[in-house]
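What follows is a set of notes on a single structure, which appears directly below.
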Amino acid sequence: MTYHATISVTLRPSILDPEGKAVHQALQNLGQTSIANVRVGKRFEMDIEADTESEAYRIAETACENVLANPVMENYAIEVEAPAGISA
């Protein structure tokens, strides 16, 4: 069965985010003064062949730990969805 995983990778709160600060400043310059803070991250989407949703989650987690995220500097969040019409 094919599961769809969405993975968000963000810098840990203790890590400075110069790109986020630059985006925040650009938004402020455009008049978006109600925005207090911006953090920039990465989003990955993948289709995973697995027998169960929990197996698909473990595969995505292994991808995060080995390739997609730097565990020293980044956190990640994984969402796995079962194929449409199938409840896990």
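By order of appearance in the structure tokens: chains A, B, ..., then residues from 1 within every chain, and ligands from 1 in the order shown.
The residues of chain A that DSSP assigns to strand (DSSP E or B) on this backbone come out as Thr2, Tyr3, His4, Ala5, Thr6, Ile7, Ser8, Val9, Thr10, Leu11, Gly41, Lys42, Arg43, Phe44, Glu45, Met46, Asp47, Ile48, Glu49, Glu74, Asn75, Tyr76, Ala77, Ile78, Glu79, Val80 and Glu81 of chain A.
Shell of Ala5 in chain A at 7 Å, with only C-alpha atoms counted and residues fewer than 5 places along the chain excluded, is Glu45, Met46, Asp47, Ile78, Glu79, Val80 and Glu81 of chain A.
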How about saving the chosen residues, N, CA, C and O atoms kept, as a PDB file, in the first residue's frame?
```
ATOM      1  N   GLU A  45       7.772  15.964   0.741  1.00  0.00           N
ATOM      2  CA  GLU A  45       6.624  15.080   0.543  1.00  0.00           C
ATOM      3  C   GLU A  45       7.124  13.830  -0.149  1.00  0.00           C
ATOM      4  O   GLU A  45       7.923  13.912  -1.083  1.00  0.00           O
ATOM      5  N   MET A  46       6.659  12.681   0.318  1.00  0.00           N
ATOM      6  CA  MET A  46       7.086  11.429  -0.311  1.00  0.00           C
ATOM      7  C   MET A  46       5.982  10.388  -0.227  1.00  0.00           C
ATOM      8  O   MET A  46       5.167  10.412   0.692  1.00  0.00           O
ATOM      9  N   ASP A  47       5.964   9.529  -1.200  1.00  0.00           N
ATOM     10  CA  ASP A  47       5.067   8.380  -1.194  1.00  0.00           C
ATOM     11  C   ASP A  47       5.891   7.175  -0.765  1.00  0.00           C
ATOM     12  O   ASP A  47       6.999   6.949  -1.273  1.00  0.00           O
ATOM     13  N   ILE A  78       6.582  14.596  11.297  1.00  0.00           N
ATOM     14  CA  ILE A  78       6.144  13.704  10.219  1.00  0.00           C
ATOM     15  C   ILE A  78       4.637  13.513  10.306  1.00  0.00           C
ATOM     16  O   ILE A  78       4.100  13.237  11.382  1.00  0.00           O
ATOM     17  N   GLU A  79       3.972  13.648   9.171  1.00  0.00           N
ATOM     18  CA  GLU A  79       2.547  13.310   9.053  1.00  0.00           C
ATOM     19  C   GLU A  79       2.434  12.253   7.971  1.00  0.00           C
ATOM     20  O   GLU A  79       2.939  12.445   6.863  1.00  0.00           O
ATOM     21  N   VAL A  80       1.791  11.148   8.288  1.00  0.00           N
ATOM     22  CA  VAL A  80       1.591  10.082   7.313  1.00  0.00           C
ATOM     23  C   VAL A  80       0.096   9.912   7.102  1.00  0.00           C
ATOM     24  O   VAL A  80      -0.683   9.842   8.048  1.00  0.00           O
ATOM     25  N   GLU A  81      -0.302   9.870   5.831  1.00  0.00           N
ATOM     26  CA  GLU A  81      -1.697   9.694   5.477  1.00  0.00           C
ATOM     27  C   GLU A  81      -1.890   8.385   4.732  1.00  0.00           C
ATOM     28  O   GLU A  81      -1.096   8.053   3.845  1.00  0.00           O
TER      29      GLU A  81
END
```
Contacts of Thr2 in chain A within 12 Å, only C-alpha atoms, excl. fewer than 3 positions in-chain, as a PDB file with C-alpha atoms, in the first residue's frame:
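What ended up in out_4.pdb:
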```
ATOM      1  CA  ALA A   5       4.224  11.417   4.134  1.00  0.00           C
ATOM      2  CA  MET A  46       7.086  11.429  -0.311  1.00  0.00           C
ATOM      3  CA  ASP A  47       5.067   8.380  -1.194  1.00  0.00           C
ATOM      4  CA  ILE A  48       6.081   5.307   0.778  1.00  0.00           C
ATOM      5  CA  GLU A  49       5.303   1.691  -0.010  1.00  0.00           C
ATOM      6  CA  ALA A  50       4.544  -0.066   3.291  1.00  0.00           C
ATOM      7  CA  ASP A  51       2.159  -2.619   4.770  1.00  0.00           C
ATOM      8  CA  THR A  52       0.987  -0.370   7.625  1.00  0.00           C
ATOM      9  CA  GLU A  53       0.873   3.311   8.502  1.00  0.00           C
ATOM     10  CA  GLU A  55       5.770   1.079   9.077  1.00  0.00           C
ATOM     11  CA  ALA A  56       5.481   4.043   6.688  1.00  0.00           C
ATOM     12  CA  TYR A  57       6.112   6.377   9.632  1.00  0.00           C
ATOM     13  CA  VAL A  80       1.591  10.082   7.313  1.00  0.00           C
ATOM     14  CA  GLU A  81      -1.697   9.694   5.477  1.00  0.00           C
ATOM     15  CA  ALA A  82      -3.302   6.476   4.376  1.00  0.00           C
ATOM     16  CA  PRO A  83      -4.464   6.288   0.770  1.00  0.00           C
ATOM     17  CA  ALA A  84      -7.845   7.921   0.121  1.00  0.00           C
ATOM     18  CA  ILE A  86      -8.575   3.591   3.496  1.00  0.00           C
ATOM     19  CA  ALA A  88      -5.524   3.014   9.125  1.00  0.00           C
TER      20      ALA A  88
END
```
**Request:** List every residue of chain A that DSSP, applied to the backbone, labels as alpha helix (DSSP H), and write the result as number ranges by chain.
**Result:** A: 18-29, 53-63
**Request:** Excluding Ala36 in chain A and residues on its chain fewer than 3 positions from it, collect all residues at most 12 Å away from it, counting only C-alpha atoms, and give them as a list of chain:residue names.
**Result:** A:Gly20, A:Lys21, A:Val23, A:His24, A:Gln25, A:Leu27, A:Gln28, A:Gln32, A:Thr33, A:Arg39
**Item:** Long-range neighbours of Arg43 in chain A as a list in words, 8 Å cut-off, only C-alpha atoms, 2 positions minimum in chain
**Value:** Thr6, Ile7, Ser8, Val9, Gly41 and Glu45 of chain A
Any idea what's packed within 8 Å of Thr10 in chain A, counting only C-alpha atoms, ignoring anything in its chain fewer than 4 positions away? Could you give it as a short mmCIF file (atom, residue, chain, number, x, y, z; two decimals) with all heavy atoms, in the first residue's frame?
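Listing of out.cif after writing:
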```
data_model
loop_
_atom_site.label_atom_id
_atom_site.label_comp_id
_atom_site.auth_asym_id
_atom_site.auth_seq_id
_atom_site.Cartn_x
_atom_site.Cartn_y
_atom_site.Cartn_z
N ARG A 39 10.44 31.95 11.10
CA ARG A 39 11.45 30.89 11.07
C ARG A 39 11.28 30.19 9.73
O ARG A 39 10.16 29.89 9.30
CB ARG A 39 11.25 29.88 12.20
CG ARG A 39 11.27 30.46 13.60
CD ARG A 39 12.63 30.74 14.12
NE ARG A 39 13.39 29.53 14.39
CZ ARG A 39 14.63 29.55 14.82
NH1 ARG A 39 15.24 30.69 15.05
NH2 ARG A 39 15.27 28.43 15.05
N VAL A 40 12.37 29.91 9.07
CA VAL A 40 12.34 29.26 7.76
C VAL A 40 12.70 27.79 7.93
O VAL A 40 13.56 27.44 8.74
CB VAL A 40 13.32 29.97 6.79
CG1 VAL A 40 13.41 29.24 5.47
CG2 VAL A 40 12.89 31.41 6.58
N GLY A 41 12.04 26.93 7.17
CA GLY A 41 12.32 25.51 7.23
C GLY A 41 12.21 24.86 5.87
O GLY A 41 12.17 25.54 4.84
N LYS A 42 12.15 23.54 5.88
CA LYS A 42 12.03 22.76 4.64
C LYS A 42 10.83 21.83 4.77
O LYS A 42 10.50 21.38 5.86
CB LYS A 42 13.28 21.90 4.42
CG LYS A 42 14.57 22.68 4.33
CD LYS A 42 15.76 21.75 4.22
CE LYS A 42 16.19 21.34 5.62
NZ LYS A 42 17.46 20.63 5.67
N GLU A 74 18.38 20.65 13.89
CA GLU A 74 17.02 20.69 13.35
C GLU A 74 16.09 19.72 14.06
O GLU A 74 16.50 18.66 14.53
CB GLU A 74 17.04 20.37 11.85
CG GLU A 74 17.80 21.38 11.04
CD GLU A 74 17.98 20.98 9.58
OE1 GLU A 74 18.30 19.80 9.31
OE2 GLU A 74 17.80 21.85 8.72
N ASN A 75 14.83 20.09 14.10
CA ASN A 75 13.73 19.22 14.52
C ASN A 75 12.95 18.83 13.29
O ASN A 75 12.99 19.53 12.27
CB ASN A 75 12.80 19.96 15.48
CG ASN A 75 13.45 20.28 16.80
OD1 ASN A 75 14.27 19.53 17.30
ND2 ASN A 75 13.09 21.42 17.37
N TYR A 76 12.21 17.75 13.37
CA TYR A 76 11.34 17.37 12.26
C TYR A 76 10.01 16.86 12.79
O TYR A 76 9.90 16.40 13.92
CB TYR A 76 12.00 16.33 11.35
CG TYR A 76 12.39 15.04 12.04
CD1 TYR A 76 11.48 14.00 12.21
CD2 TYR A 76 13.68 14.85 12.51
CE1 TYR A 76 11.85 12.83 12.84
CE2 TYR A 76 14.06 13.68 13.13
CZ TYR A 76 13.14 12.68 13.30
OH TYR A 76 13.50 11.50 13.93
#
```
